[in-house]
$ cat final27.tsv   # TSV, C-alpha atoms
chain	number	residue	atom	x	y	z
A	1142	MET	CA	-16.63	-33.61	10.50
A	1143	LEU	CA	-14.77	-35.35	13.35
A	1144	ASN	CA	-13.16	-37.76	10.89
A	1145	SER	CA	-12.18	-35.13	8.35
A	1146	PRO	CA	-8.53	-35.06	7.25
A	1147	THR	CA	-8.19	-31.49	8.53
A	1148	PHE	CA	-9.47	-32.40	12.00
A	1149	LEU	CA	-7.24	-35.48	12.18
A	1150	ARG	CA	-4.19	-33.43	11.22
A	1151	LEU	CA	-5.11	-30.95	13.96
A	1152	LEU	CA	-5.31	-33.75	16.54
A	1153	THR	CA	-1.95	-35.10	15.39
A	1154	ARG	CA	-0.32	-31.67	15.65
A	1155	MET	CA	-1.77	-31.15	19.14
A	1156	ALA	CA	-0.45	-34.53	20.25
A	1157	ASN	CA	2.97	-33.84	18.76
A	1158	THR	CA	3.12	-30.44	20.49
A	1159	LYS	CA	2.24	-32.06	23.81
A	1160	ASP	CA	5.03	-34.60	23.32
A	1161	LYS	CA	7.51	-31.81	22.55
A	1162	VAL	CA	6.70	-30.03	25.79
A	1163	GLU	CA	6.68	-33.12	28.03
A	1164	ASN	CA	9.53	-35.11	26.49
A	1165	LYS	CA	12.83	-33.25	26.44
A	1166	HIS	CA	14.67	-36.28	25.07
A	1167	ILE	CA	13.97	-36.31	21.36
A	1168	ALA	CA	14.59	-39.59	19.61
A	1169	SER	CA	17.03	-39.89	16.77
A	1170	GLY	CA	15.16	-39.83	13.49
A	1171	HIS	CA	13.26	-36.64	14.18
A	1172	ARG	CA	13.37	-33.33	12.36
A	1173	ILE	CA	15.61	-30.43	13.38
A	1174	GLY	CA	14.77	-26.91	12.33
A	1175	ILE	CA	17.63	-24.46	11.80
A	1176	VAL	CA	17.09	-20.73	11.44
A	1177	GLY	CA	19.60	-19.73	8.80
A	1178	GLY	CA	21.02	-21.75	5.94
A	1179	GLY	CA	24.67	-20.78	5.73
A	1180	GLN	CA	27.81	-22.85	6.17
A	1181	LEU	CA	27.21	-23.39	9.89
A	1182	ALA	CA	23.82	-24.92	9.15
A	1183	LYS	CA	25.41	-27.05	6.43
A	1184	MET	CA	28.10	-28.40	8.73
A	1185	THR	CA	25.46	-29.07	11.40
A	1186	ALA	CA	23.19	-30.86	8.94
A	1187	LEU	CA	25.84	-33.42	7.99
A	1188	PRO	CA	26.20	-35.06	11.45
A	1189	ALA	CA	22.44	-34.67	12.01
A	1190	MET	CA	21.85	-36.80	8.93
A	1191	GLU	CA	24.40	-39.35	10.14
A	1192	LEU	CA	22.35	-39.64	13.35
A	1193	GLY	CA	19.21	-40.30	11.32
A	1194	CYS	CA	17.70	-36.83	11.67
A	1195	GLU	CA	16.28	-34.59	8.96
A	1196	VAL	CA	17.06	-30.89	8.80
A	1197	VAL	CA	14.56	-28.19	7.82
A	1198	ILE	CA	15.82	-24.67	7.08
A	1199	LEU	CA	14.31	-21.19	7.39
A	1200	GLU	CA	16.23	-18.74	5.21
A	1201	LYS	CA	15.81	-15.25	3.81
A	1202	THR	CA	17.35	-15.97	0.41
A	1203	GLU	CA	17.68	-18.87	-2.00
A	1204	ASN	CA	20.81	-20.83	-2.96
A	1205	THR	CA	22.40	-20.87	0.47
A	1206	PRO	CA	25.03	-23.48	1.44
A	1207	ALA	CA	22.71	-25.68	3.53
A	1208	SER	CA	19.86	-25.76	1.02
A	1209	CYS	CA	21.29	-28.80	-0.77
A	1210	LEU	CA	21.04	-30.86	2.45
A	1211	ALA	CA	17.69	-29.70	3.75
A	1212	ALA	CA	14.75	-32.09	3.73
A	1213	ASP	CA	12.59	-28.99	3.43
A	1214	ILE	CA	13.25	-25.25	3.31
A	1215	PHE	CA	11.12	-22.19	3.98
A	1216	TYR	CA	11.92	-18.69	2.78
A	1217	GLY	CA	11.04	-15.56	4.68
A	1218	ASP	CA	12.12	-13.00	7.26
A	1219	TRP	CA	13.29	-14.93	10.33
A	1220	ASP	CA	12.35	-12.02	12.58
A	1221	ASP	CA	8.70	-12.61	11.67
A	1222	PRO	CA	7.16	-14.87	14.35
A	1223	ALA	CA	4.78	-16.32	11.76
A	1224	ASN	CA	7.72	-17.67	9.74
A	1225	LEU	CA	9.41	-19.06	12.86
A	1226	LEU	CA	6.18	-20.81	13.87
A	1227	LYS	CA	5.81	-22.23	10.38
A	1228	LEU	CA	9.24	-23.81	10.78
A	1229	ALA	CA	8.56	-24.97	14.33
A	1230	ASP	CA	5.30	-26.65	13.30
A	1231	GLU	CA	7.24	-28.93	10.96
A	1232	VAL	CA	10.04	-30.03	13.30
A	1233	ASP	CA	10.70	-31.43	16.76
A	1234	VAL	CA	13.26	-28.87	17.87
A	1235	VAL	CA	14.42	-25.50	16.55
A	1236	SER	CA	18.01	-24.21	16.69
A	1237	LEU	CA	19.93	-21.34	15.12
A	1238	GLU	CA	23.10	-20.82	13.14
A	1239	ASN	CA	23.34	-17.14	14.13
A	1240	GLU	CA	22.48	-14.91	17.06
A	1241	PHE	CA	20.82	-12.17	15.02
A	1242	VAL	CA	17.25	-13.51	15.11
A	1243	ASP	CA	15.18	-11.20	17.30
A	1244	ALA	CA	14.78	-12.74	20.76
A	1245	LYS	CA	11.22	-11.46	21.13
A	1246	SER	CA	10.25	-13.22	17.90
A	1247	LEU	CA	11.92	-16.43	19.10
A	1248	LYS	CA	9.91	-16.31	22.31
A	1249	ALA	CA	6.77	-16.87	20.23
A	1250	VAL	CA	8.15	-20.31	19.35
A	1251	GLU	CA	8.49	-21.23	23.02
A	1252	ASP	CA	5.13	-19.70	23.92
A	1253	ALA	CA	3.52	-21.98	21.34
A	1254	GLY	CA	4.98	-25.02	23.12
A	1255	HIS	CA	7.86	-25.78	20.76
A	1256	GLN	CA	11.40	-26.73	21.74
A	1257	LEU	CA	14.00	-24.02	21.03
A	1258	PHE	CA	17.70	-24.39	21.87
A	1259	PRO	CA	19.38	-22.17	22.75
A	1260	GLY	CA	16.33	-20.44	24.21
A	1261	SER	CA	15.07	-16.93	23.57
A	1262	THR	CA	16.31	-15.71	26.96
A	1263	THR	CA	19.82	-16.90	26.14
A	1264	ILE	CA	19.73	-15.25	22.72
A	1265	GLY	CA	18.40	-12.04	24.26
A	1266	MET	CA	21.29	-11.95	26.73
A	1267	VAL	CA	23.93	-12.48	24.05
A	1268	GLN	CA	22.73	-10.69	20.90
A	1269	ASP	CA	22.90	-7.28	22.58
A	1270	LYS	CA	26.60	-7.06	23.42
A	1271	LEU	CA	26.06	-4.46	26.12
A	1272	ILE	CA	23.58	-6.73	27.91
A	1273	GLN	CA	25.98	-9.65	27.37
A	1274	LYS	CA	28.84	-7.74	28.99
A	1275	GLN	CA	26.65	-6.70	31.91
A	1276	ALA	CA	25.41	-10.26	32.53
A	1277	LEU	CA	28.94	-11.66	32.47
A	1278	SER	CA	30.31	-8.89	34.67
A	1279	ASP	CA	27.49	-9.40	37.18
A	1280	ALA	CA	28.50	-13.08	37.34
A	1281	GLY	CA	32.03	-12.11	38.31
A	1282	ILE	CA	33.57	-12.89	34.91
A	1283	SER	CA	36.45	-10.67	33.78
A	1284	VAL	CA	35.50	-8.47	30.81
A	1285	THR	CA	36.91	-5.25	29.41
A	1286	PRO	CA	35.46	-2.08	31.00
A	1287	PHE	CA	32.37	-0.94	29.08
A	1288	ALA	CA	29.62	1.67	29.01
A	1289	ALA	CA	26.61	2.63	26.94
A	1290	VAL	CA	26.91	5.81	24.87
A	1291	ASN	CA	24.08	7.76	23.29
A	1292	SER	CA	26.01	10.65	21.80
A	1293	ARG	CA	29.43	11.77	20.66
A	1294	ASP	CA	29.77	13.82	23.85
A	1295	GLU	CA	29.21	10.72	25.97
A	1296	ILE	CA	32.13	9.01	24.21
A	1297	ASN	CA	34.38	11.83	25.37
A	1298	GLN	CA	32.98	11.56	28.88
A	1299	GLN	CA	33.66	7.82	28.97
A	1300	ALA	CA	37.18	8.37	27.66
A	1301	GLU	CA	37.89	10.37	30.82
A	1302	GLN	CA	37.12	7.21	32.81
A	1303	LEU	CA	38.41	4.49	30.48
A	1304	GLY	CA	41.22	6.33	28.74
A	1305	TRP	CA	42.27	6.31	25.09
A	1306	PRO	CA	42.16	4.36	22.87
A	1307	LEU	CA	38.55	3.18	23.03
A	1308	VAL	CA	36.62	0.70	20.92
A	1309	LEU	CA	33.21	1.88	19.72
A	1310	LYS	CA	30.86	-1.01	18.99
A	1311	ALA	CA	27.35	-1.64	17.74
A	1312	ARG	CA	25.29	-3.35	20.41
A	1313	ARG	CA	23.69	-5.70	17.88
A	1314	ASN	CA	24.37	-7.43	14.56
A	1315	GLY	CA	28.12	-6.92	14.39
A	1316	TYR	CA	30.51	-9.68	13.30
A	1317	ASP	CA	33.91	-10.04	11.60
A	1318	GLY	CA	34.70	-6.43	12.49
A	1319	LYS	CA	31.46	-5.11	11.01
A	1320	GLY	CA	30.19	-2.86	13.77
A	1321	ASN	CA	33.53	-2.01	15.42
A	1322	ALA	CA	35.71	1.08	15.27
A	1323	THR	CA	38.88	1.85	17.25
A	1324	LEU	CA	39.18	5.43	18.50
A	1325	GLU	CA	42.75	6.54	19.14
A	1326	THR	CA	41.75	10.08	20.15
A	1327	ALA	CA	38.69	12.32	20.25
A	1328	ALA	CA	39.48	13.29	16.65
A	1329	ASP	CA	38.30	9.84	15.53
A	1330	ILE	CA	34.82	10.11	17.05
A	1331	ASP	CA	32.94	11.78	14.20
A	1332	GLU	CA	34.15	9.35	11.54
A	1333	ALA	CA	33.46	6.30	13.72
A	1334	TRP	CA	30.04	7.60	14.74
A	1335	ALA	CA	29.10	8.03	11.10
A	1336	LYS	CA	30.55	4.65	10.09
A	1337	LEU	CA	28.49	2.84	12.73
A	1338	ASP	CA	25.40	5.01	12.11
A	1339	GLY	CA	25.29	6.18	15.69
A	1340	ASP	CA	22.30	8.46	15.08
A	1341	ASN	CA	20.12	5.44	14.30
A	1342	ARG	CA	21.89	2.55	16.00
A	1343	GLU	CA	22.57	1.72	19.64
A	1344	LEU	CA	26.29	1.80	20.44
A	1345	TYR	CA	28.58	1.28	23.40
A	1346	VAL	CA	32.26	1.68	24.19
A	1347	GLU	CA	34.86	-0.67	25.62
A	1348	GLY	CA	38.25	0.06	27.04
A	1349	PHE	CA	41.02	-1.06	24.71
A	1350	CYS	CA	42.63	-4.33	25.77
A	1351	ASN	CA	46.38	-4.62	25.18
A	1352	PHE	CA	46.33	-8.34	24.58
A	1353	THR	CA	49.18	-10.55	23.48
A	1354	GLY	CA	47.01	-13.34	22.09
A	1355	GLU	CA	43.44	-14.36	21.34
A	1356	LEU	CA	42.03	-17.61	22.70
A	1357	ALA	CA	38.77	-19.46	22.29
A	1358	VAL	CA	36.99	-22.40	23.88
A	1359	MET	CA	34.04	-24.26	22.41
A	1360	VAL	CA	31.63	-25.55	25.07
A	1361	THR	CA	28.66	-27.85	24.52
A	1362	ARG	CA	25.95	-27.90	27.18
A	1363	GLY	CA	23.06	-30.32	27.19
A	1364	ILE	CA	19.41	-29.82	28.07
A	1365	ASP	CA	20.10	-31.49	31.42
A	1366	GLY	CA	23.01	-29.17	32.22
A	1367	SER	CA	25.72	-31.69	31.36
A	1368	MET	CA	28.71	-29.99	29.80
A	1369	VAL	CA	31.83	-30.78	27.77
A	1370	ASN	CA	34.50	-28.47	26.44
A	1371	TYR	CA	37.00	-28.64	23.62
A	1372	PRO	CA	40.68	-27.74	24.02
A	1373	VAL	CA	41.65	-24.09	24.29
A	1374	VAL	CA	42.72	-22.79	20.87
A	1375	GLU	CA	44.59	-19.70	19.73
A	1376	SER	CA	43.37	-17.64	16.81
A	1377	VAL	CA	45.03	-15.18	14.46
A	1378	GLN	CA	42.80	-12.26	13.50
A	1379	LYS	CA	43.47	-9.84	10.66
A	1380	ASP	CA	41.15	-6.89	10.04
A	1381	HIS	CA	38.84	-8.39	12.71
A	1382	ILE	CA	38.42	-11.61	10.66
A	1383	CYS	CA	39.71	-14.96	11.85
A	1384	HIS	CA	42.43	-16.27	9.53
A	1385	ILE	CA	44.02	-19.13	11.47
A	1386	VAL	CA	43.04	-21.35	14.41
A	1387	ARG	CA	45.73	-23.43	16.15
A	1388	ALA	CA	44.79	-26.31	18.43
A	1389	PRO	CA	45.70	-26.70	21.17
A	1390	ALA	CA	46.78	-23.22	22.23
A	1391	ARG	CA	50.44	-22.95	23.12
A	1392	ILE	CA	49.88	-21.88	26.71
A	1393	ASN	CA	50.67	-23.58	30.00
A	1394	ASP	CA	48.21	-25.84	31.80
A	1395	GLU	CA	47.37	-23.25	34.44
A	1396	LEU	CA	46.25	-20.70	31.83
A	1397	ALA	CA	44.40	-23.37	29.85
A	1398	ASN	CA	42.49	-24.42	32.96
A	1399	GLN	CA	41.62	-20.79	33.70
A	1400	ALA	CA	40.29	-20.33	30.17
A	1401	VAL	CA	38.18	-23.48	30.37
A	1402	GLU	CA	36.79	-22.52	33.79
A	1403	LEU	CA	35.88	-19.05	32.50
A	1404	ALA	CA	34.22	-20.46	29.36
A	1405	ARG	CA	32.14	-23.00	31.25
A	1406	LYS	CA	31.03	-20.39	33.78
A	1407	ALA	CA	30.04	-18.02	30.97
A	1408	VAL	CA	27.95	-20.69	29.22
A	1409	THR	CA	26.21	-21.56	32.48
A	1410	THR	CA	25.57	-17.86	33.17
A	1411	ILE	CA	23.58	-17.46	29.97
A	1412	ASP	CA	21.90	-20.88	30.43
A	1413	GLY	CA	23.18	-21.92	27.01
A	1414	VAL	CA	22.16	-25.19	25.38
A	1415	GLY	CA	24.09	-26.58	22.42
A	1416	THR	CA	27.58	-25.65	21.25
A	1417	ILE	CA	28.68	-22.14	22.19
A	1418	GLY	CA	31.85	-20.25	21.29
A	1419	VAL	CA	33.67	-18.21	23.93
A	1420	GLU	CA	36.38	-15.83	22.72
A	1421	MET	CA	38.99	-14.42	25.11
A	1422	PHE	CA	42.01	-12.13	25.31
A	1423	LEU	CA	45.30	-13.13	26.90
A	1424	THR	CA	47.04	-10.07	28.34
A	1425	GLU	CA	50.72	-9.32	28.85
A	1426	ASP	CA	50.41	-10.03	32.57
A	1427	LYS	CA	48.85	-13.44	31.83
A	1428	GLN	CA	45.26	-12.47	32.64
A	1429	ILE	CA	42.38	-13.97	30.68
A	1430	ILE	CA	39.54	-11.61	29.82
A	1431	LEU	CA	36.36	-12.66	28.05
A	1432	ASN	CA	35.84	-10.79	24.79
A	1433	GLU	CA	32.62	-12.08	23.25
A	1434	MET	CA	30.32	-15.11	23.17
A	1435	ALA	CA	28.51	-16.68	20.22
A	1436	PRO	CA	25.53	-18.90	21.17
A	1437	ARG	CA	26.12	-21.28	18.28
A	1438	VAL	CA	28.72	-23.42	16.59
A	1439	HIS	CA	31.67	-21.22	15.78
A	1440	ASN	CA	34.54	-20.69	13.36
A	1441	SER	CA	37.01	-21.38	16.16
A	1442	GLY	CA	35.71	-24.95	16.37
A	1443	HIS	CA	35.76	-26.01	12.72
A	1444	TYR	CA	38.98	-27.93	13.29
A	1445	THR	CA	37.03	-30.39	15.48
A	1446	ILE	CA	35.52	-32.09	12.42
A	1447	GLU	CA	38.79	-33.89	11.71
A	1448	ALA	CA	40.73	-33.33	14.92
A	1449	CYS	CA	38.32	-34.50	17.66
A	1450	GLU	CA	36.45	-37.69	18.40
A	1451	CYS	CA	33.13	-35.83	18.25
A	1452	SER	CA	32.94	-32.52	16.37
A	1453	GLN	CA	31.38	-29.34	17.71
A	1454	PHE	CA	28.59	-29.83	15.15
A	1455	GLU	CA	27.74	-33.39	16.17
A	1456	ASN	CA	27.80	-32.41	19.83
A	1457	HIS	CA	25.44	-29.52	19.09
A	1458	VAL	CA	22.99	-31.95	17.51
A	1459	ARG	CA	23.36	-34.36	20.41
A	1460	ALA	CA	22.72	-31.55	22.89
A	1461	ILE	CA	19.56	-30.15	21.34
A	1462	ILE	CA	17.94	-33.59	20.86
A	1463	GLY	CA	18.75	-34.62	24.42
A	1464	MET	CA	21.32	-37.28	23.64
A	1465	PRO	CA	24.58	-38.03	25.53
A	1466	LEU	CA	27.39	-35.64	24.66
A	1467	GLY	CA	30.39	-37.04	22.80
A	1468	SER	CA	34.09	-37.04	23.58
A	1469	THR	CA	35.94	-33.82	22.80
A	1470	LYS	CA	39.35	-35.48	22.92
A	1471	MET	CA	41.71	-34.61	20.08
A	1472	VAL	CA	42.77	-37.57	17.92
A	1473	THR	CA	46.03	-35.85	16.96
A	1474	PRO	CA	48.69	-33.88	18.85
A	1475	ALA	CA	48.03	-30.74	16.80
A	1476	ALA	CA	45.64	-29.27	14.26
A	1477	VAL	CA	45.48	-26.01	12.31
A	1478	MET	CA	42.54	-24.52	10.46
A	1479	ILE	CA	42.93	-21.79	7.85
A	1480	ASN	CA	39.95	-19.81	6.61
A	1481	MET	CA	39.66	-19.36	2.86
A	1482	LEU	CA	38.49	-15.79	2.28
A	1483	GLY	CA	37.29	-14.01	-0.81
A	1484	GLU	CA	39.89	-11.73	-2.40
A	1485	GLU	CA	37.61	-9.92	-4.82
A	1486	GLN	CA	34.00	-9.76	-5.93
A	1487	GLY	CA	32.88	-12.52	-8.23
A	1488	THR	CA	31.79	-16.11	-8.43
A	1489	GLY	CA	32.00	-18.47	-5.49
A	1490	TYR	CA	33.61	-21.16	-7.63
A	1491	PRO	CA	36.93	-22.35	-6.13
A	1492	VAL	CA	39.74	-21.92	-8.65
A	1493	GLY	CA	42.74	-24.18	-7.98
A	1494	ILE	CA	40.97	-26.82	-5.94
A	1495	ALA	CA	42.52	-29.63	-8.02
A	1496	GLU	CA	46.00	-28.49	-6.99
A	1497	ALA	CA	44.95	-28.19	-3.35
A	1498	LEU	CA	43.59	-31.73	-3.37
A	1499	GLN	CA	47.08	-32.98	-4.20
A	1500	VAL	CA	48.34	-31.81	-0.80
A	1501	SER	CA	48.36	-34.92	1.36
A	1502	GLY	CA	46.79	-34.40	4.76
A	1503	ALA	CA	44.78	-31.28	3.84
A	1504	HIS	CA	41.05	-31.50	4.54
A	1505	ILE	CA	39.26	-29.05	2.26
A	1506	HIS	CA	35.81	-27.62	3.00
A	1507	VAL	CA	34.19	-25.42	0.34
A	1508	TYR	CA	30.96	-23.87	1.62
A	1509	GLY	CA	29.18	-23.58	-1.72
A	1510	LYS	CA	28.36	-19.89	-1.69
A	1511	SER	CA	27.35	-18.66	-5.13
A	1512	THR	CA	29.21	-15.34	-4.91
A	1513	THR	CA	32.15	-13.91	-3.03
A	1514	ASN	CA	33.52	-10.55	-2.01
A	1515	ILE	CA	36.59	-9.33	-0.17
A	1516	GLY	CA	36.91	-11.01	3.22
A	1517	ARG	CA	33.89	-13.30	2.87
A	1518	LYS	CA	34.38	-16.74	4.40
A	1519	MET	CA	34.20	-19.16	1.48
A	1520	GLY	CA	35.63	-22.30	3.04
A	1521	HIS	CA	38.33	-23.62	5.32
A	1522	ILE	CA	41.19	-26.10	5.33
A	1523	THR	CA	42.19	-28.22	8.31
A	1524	ALA	CA	45.40	-30.20	8.65
A	1525	LEU	CA	46.56	-32.52	11.44
A	1526	GLY	CA	50.13	-33.04	12.56
A	1527	GLU	CA	52.55	-34.01	15.28
A	1528	THR	CA	53.21	-30.30	15.83
A	1529	ILE	CA	51.40	-27.02	15.15
A	1530	GLU	CA	54.16	-26.10	12.69
A	1531	GLU	CA	53.72	-29.30	10.69
A	1532	ALA	CA	49.94	-28.95	10.51
A	1533	GLU	CA	50.13	-25.28	9.57
A	1534	GLU	CA	52.60	-25.94	6.76
A	1535	ILE	CA	50.24	-28.52	5.23
A	1536	ALA	CA	47.19	-26.28	5.55
A	1537	ASN	CA	49.03	-23.30	4.08
A	1538	ARG	CA	50.22	-25.24	1.04
A	1539	ALA	CA	46.67	-26.24	0.20
A	1540	ALA	CA	45.19	-22.81	0.94
A	1541	GLN	CA	47.69	-21.04	-1.32
A	1542	SER	CA	46.34	-23.01	-4.31
A	1543	ILE	CA	42.70	-21.93	-3.97
A	1544	ARG	CA	41.21	-18.58	-4.90
A	1545	PHE	CA	37.63	-17.35	-5.05
A	1546	GLY	CA	36.29	-14.54	-7.19
A	1547	ALA	CA	37.67	-15.44	-10.62
A	1548	GLN	CA	35.78	-17.01	-13.49
A	1549	LYS	CA	35.91	-20.79	-13.98
$ encode --input "final27.tsv" --output "C-alpha cells"
Amino acid sequence: MLNSPTFLRLLTRMANTKDKVENKHIASGHRIGIVGGGQLAKMTALPAMELGCEVVILEKTENTPASCLAADIFYGDWDDPANLLKLADEVDVVSLENEFVDAKSLKAVEDAGHQLFPGSTTIGMVQDKLIQKQALSDAGISVTPFAAVNSRDEINQQAEQLGWPLVLKARRNGYDGKGNATLETAADIDEAWAKLDGDNRELYVEGFCNFTGELAVMVTRGIDGSMVNYPVVESVQKDHICHIVRAPARINDELANQAVELARKAVTTIDGVGTIGVEMFLTEDKQIILNEMAPRVHNSGHYTIEACECSQFENHVRAIIGMPLGSTKMVTPAAVMINMLGEEQGTGYPVGIAEALQVSGAHIHVYGKSTTNIGRKMGHITALGETIEEAEEIANRAAQSIRFGAQK
C-alpha cells in the first residue's frame, strides 16, 4: 500500500506543492500554466520556450492560436475552480492572458497552495472596472469622474453632476469597445441601456474626457516588487479598437515622466505581478488621466518583440518565475505597430502574405485564428525606423497587402 504508484504520486504532488509555496523563485525549465490560449498566450509561450520552460494551456475551445505551442492543453470552463485546479496541479505557476476569469474561482488556486500571478486579489480589483476606478482614485491617481448606475433614471441623475456627454460602460467583460456606449443626451439612454443589457448586467457611467491623444505604458513588476517600464507610446483607436501604436510617443520628457510615474503607481496600487498595460488620456491642457488597466500583456506592447532588448512577453515570463527582469531599452529610434483586423466574416487564412513579405523591414505576425469577422484582431505588423514616419510607411505598405476573410 505505502509503495503503491498512487501513493507515491500523492507524496510527489504534496512535496511539489510545498516547494511551490516556500520557493517563490521558480527555476527555468519548469512548467507555466496559462489560462486562455489566444494570441497573447502564443506570444508568451515563445519566449517561455526559449528560456527552457514548457507551457500548459486551459482553454474553452479547440484550435486556438497557442495550442500549437502547448506541451499540454486542457479544455473546459475557466471559471470552474475544478478546471483551474486541474491546470495548477500540472504546472509550477499559473498566469492569465485575459482578465475575465472570475477572481473567486482563481482564489481556489491560491487556497490550494499554488502560485498564481497576477493574484486573484489583483484580478478582482481590475476586472470590475468600477472597483478598478475606485481603487485608483483612492490612491490619488487621476481618473475620469465615475459613478455606479442601476437604472435609466440614475443615468439622468448622474448627468446632472457629470454633464453630457456621458459614457455608459459594462463593469465587467468589455473590451475593444464591446461594453461601451457614448450618450450625447438623455435621448440616447434607452438604446444604450438595451445595447449593454442593463436590466441583467451591472453598468456604470464615466464623464466624457475631451482628450487630444491616447497613451499607454507597459510595466512589468516582479514577485519581489522590482519594476521596469517600457517607453510611453501613443495609440490610434478607431471604433474603440487599436489600429496603430507609435513608439515612443511624441510628447515632451515632462509628460512622458508623468505618464511613467502614473503607470508605475497604478501597478503598485493593484499589487500587480507580471506585465501590465496602463492606458491613459492626454487632455488639451496637458493633463494625463488614467483610462483603464489590463493585468496582462497588452496590444500596446506588441512592438517590443522587435523594438526592445527584452519584450513585454519575455519580461512577463521572467517576472512570474522569479527571474531578473530584462532591459526595456529600445534598440531603434522609432517603431510602429499596425494591427491587422478582419474585414469580413470568413476564413482566418491571410491572403496576400507573400506580397507583404517582400516589404523589407516589415515584421509580420499572423496569430493563426481559424476564422475571422469584422474588427477581429488577426495579426500585427511591426516596423523599425529612424523616425516614426519611416517606420509607419514600412508597416503600412506590408499591411495593405494582407486581408483576412477571403477564401485561399
$ residues_around --input "final27.tsv" --residues "Ile1198 (chain A)" --least-positions-apart "2" --cutoff "7 Å" --atoms "only C-alpha atoms" --output "PyMOL selection string"
chain A and resi 1174-1178+1196+1200+1211+1213-1215
$ closest_residue --input "final27.tsv" --among "A:Asn1393, A:Gln1275, A:Ser1452, A:Asn1398" --to "His1439 (chain A)" --atoms "all atoms listed in the file"
A:Ser1452
$ atom_distance --input "final27.tsv" --atom1 "CA of Arg1172 (chain A)" --atom2 "CA of Val1232 (chain A)"
4.8 Å
$ residues_near_point --input "final27.tsv" --point "(49.5, -23.3, 0.8)" --cutoff "12 Å" --atoms "only C-alpha atoms" --output "MDAnalysis selection string"
chainID A and resid 1478:1481 1493:1494 1496:1501 1503 1505 1522:1524 1532:1544
$ atom_distance --input "final27.tsv" --atom1 "CA of Glu1455 (chain A)" --atom2 "CA of Lys1183 (chain A)"
11.9 Å
$ closest_atom_pairs --input "final27.tsv" --of "region 1228-1291 of chain A" --to "region 1300-1305 of chain A" --cutoff "10 Å" --atoms "all atoms listed in the file" --output "tab-separated table"
residue	atom	partner	partner_atom	distance
A:Thr1285	CA	A:Leu1303	CA	9.9
A:Pro1286	CA	A:Leu1303	CA	7.2
A:Phe1287	CA	A:Leu1303	CA	8.2
A:Ala1288	CA	A:Leu1303	CA	9.3
$ residues_around --input "final27.tsv" --residues "region 1469-1477 of chain A" --least-positions-apart "2" --cutoff "6 Å" --atoms "all atoms listed in the file" --output "PyMOL selection string"
chain A and resi 1371+1386-1388+1448-1451+1523-1529+1532-1533
$ atom_distance --input "final27.tsv" --atom1 "CA of Lys1379 (chain A)" --atom2 "CA of Ile1296 (chain A)"
25.8 Å
$ residues_around --input "final27.tsv" --residues "region 1203-1210 of chain A" --least-positions-apart "5" --cutoff "8 Å" --atoms "all atoms listed in the file" --output "list of chain:residue names"
A:Gly1178, A:Gly1179, A:Gln1180, A:Ala1182, A:Lys1183, A:Met1184, A:Ala1186, A:Leu1187, A:Val1196, A:Ile1198, A:Tyr1216, A:Tyr1508, A:Gly1509, A:Lys1510, A:Ser1511
$ closest_residue --input "final27.tsv" --among "A:Arg1312, A:His1255, A:Lys1406, A:Lys1427" --to "Arg1362 (chain A)" --atoms "all atoms listed in the file"
A:Lys1406
$ residues_near_point --input "final27.tsv" --point "(25.2, -19.1, 18.0)" --cutoff "9 Å" --atoms "all atoms listed in the file" --output "PDB file with C-alpha atoms, in the coordinates of the input"
ATOM      1  CA  SER A1236      18.010 -24.210  16.690  1.00  0.00           C
ATOM      2  CA  LEU A1237      19.930 -21.340  15.120  1.00  0.00           C
ATOM      3  CA  GLU A1238      23.100 -20.820  13.140  1.00  0.00           C
ATOM      4  CA  ASN A1239      23.340 -17.140  14.130  1.00  0.00           C
ATOM      5  CA  GLU A1240      22.480 -14.910  17.060  1.00  0.00           C
ATOM      6  CA  PHE A1241      20.820 -12.170  15.020  1.00  0.00           C
ATOM      7  CA  PRO A1259      19.380 -22.170  22.750  1.00  0.00           C
ATOM      8  CA  ILE A1264      19.730 -15.250  22.720  1.00  0.00           C
ATOM      9  CA  GLY A1415      24.090 -26.580  22.420  1.00  0.00           C
ATOM     10  CA  THR A1416      27.580 -25.650  21.250  1.00  0.00           C
ATOM     11  CA  ILE A1417      28.680 -22.140  22.190  1.00  0.00           C
ATOM     12  CA  GLY A1418      31.850 -20.250  21.290  1.00  0.00           C
ATOM     13  CA  MET A1434      30.320 -15.110  23.170  1.00  0.00           C
ATOM     14  CA  ALA A1435      28.510 -16.680  20.220  1.00  0.00           C
ATOM     15  CA  PRO A1436      25.530 -18.900  21.170  1.00  0.00           C
ATOM     16  CA  ARG A1437      26.120 -21.280  18.280  1.00  0.00           C
ATOM     17  CA  VAL A1438      28.720 -23.420  16.590  1.00  0.00           C
ATOM     18  CA  HIS A1439      31.670 -21.220  15.780  1.00  0.00           C
TER      19      HIS A1439
END
$ closest_residue --input "final27.tsv" --among "A:Val1458, A:Leu1356, A:Met1421, A:Leu1431" --to "Ile1282 (chain A)" --atoms "all atoms listed in the file"
A:Leu1431
$ closest_residue --input "final27.tsv" --among "A:Ser1376, A:Thr1424, A:Gln1399, A:Gln1256" --to "Ser1441 (chain A)" --atoms "all atoms listed in the file"
A:Ser1376
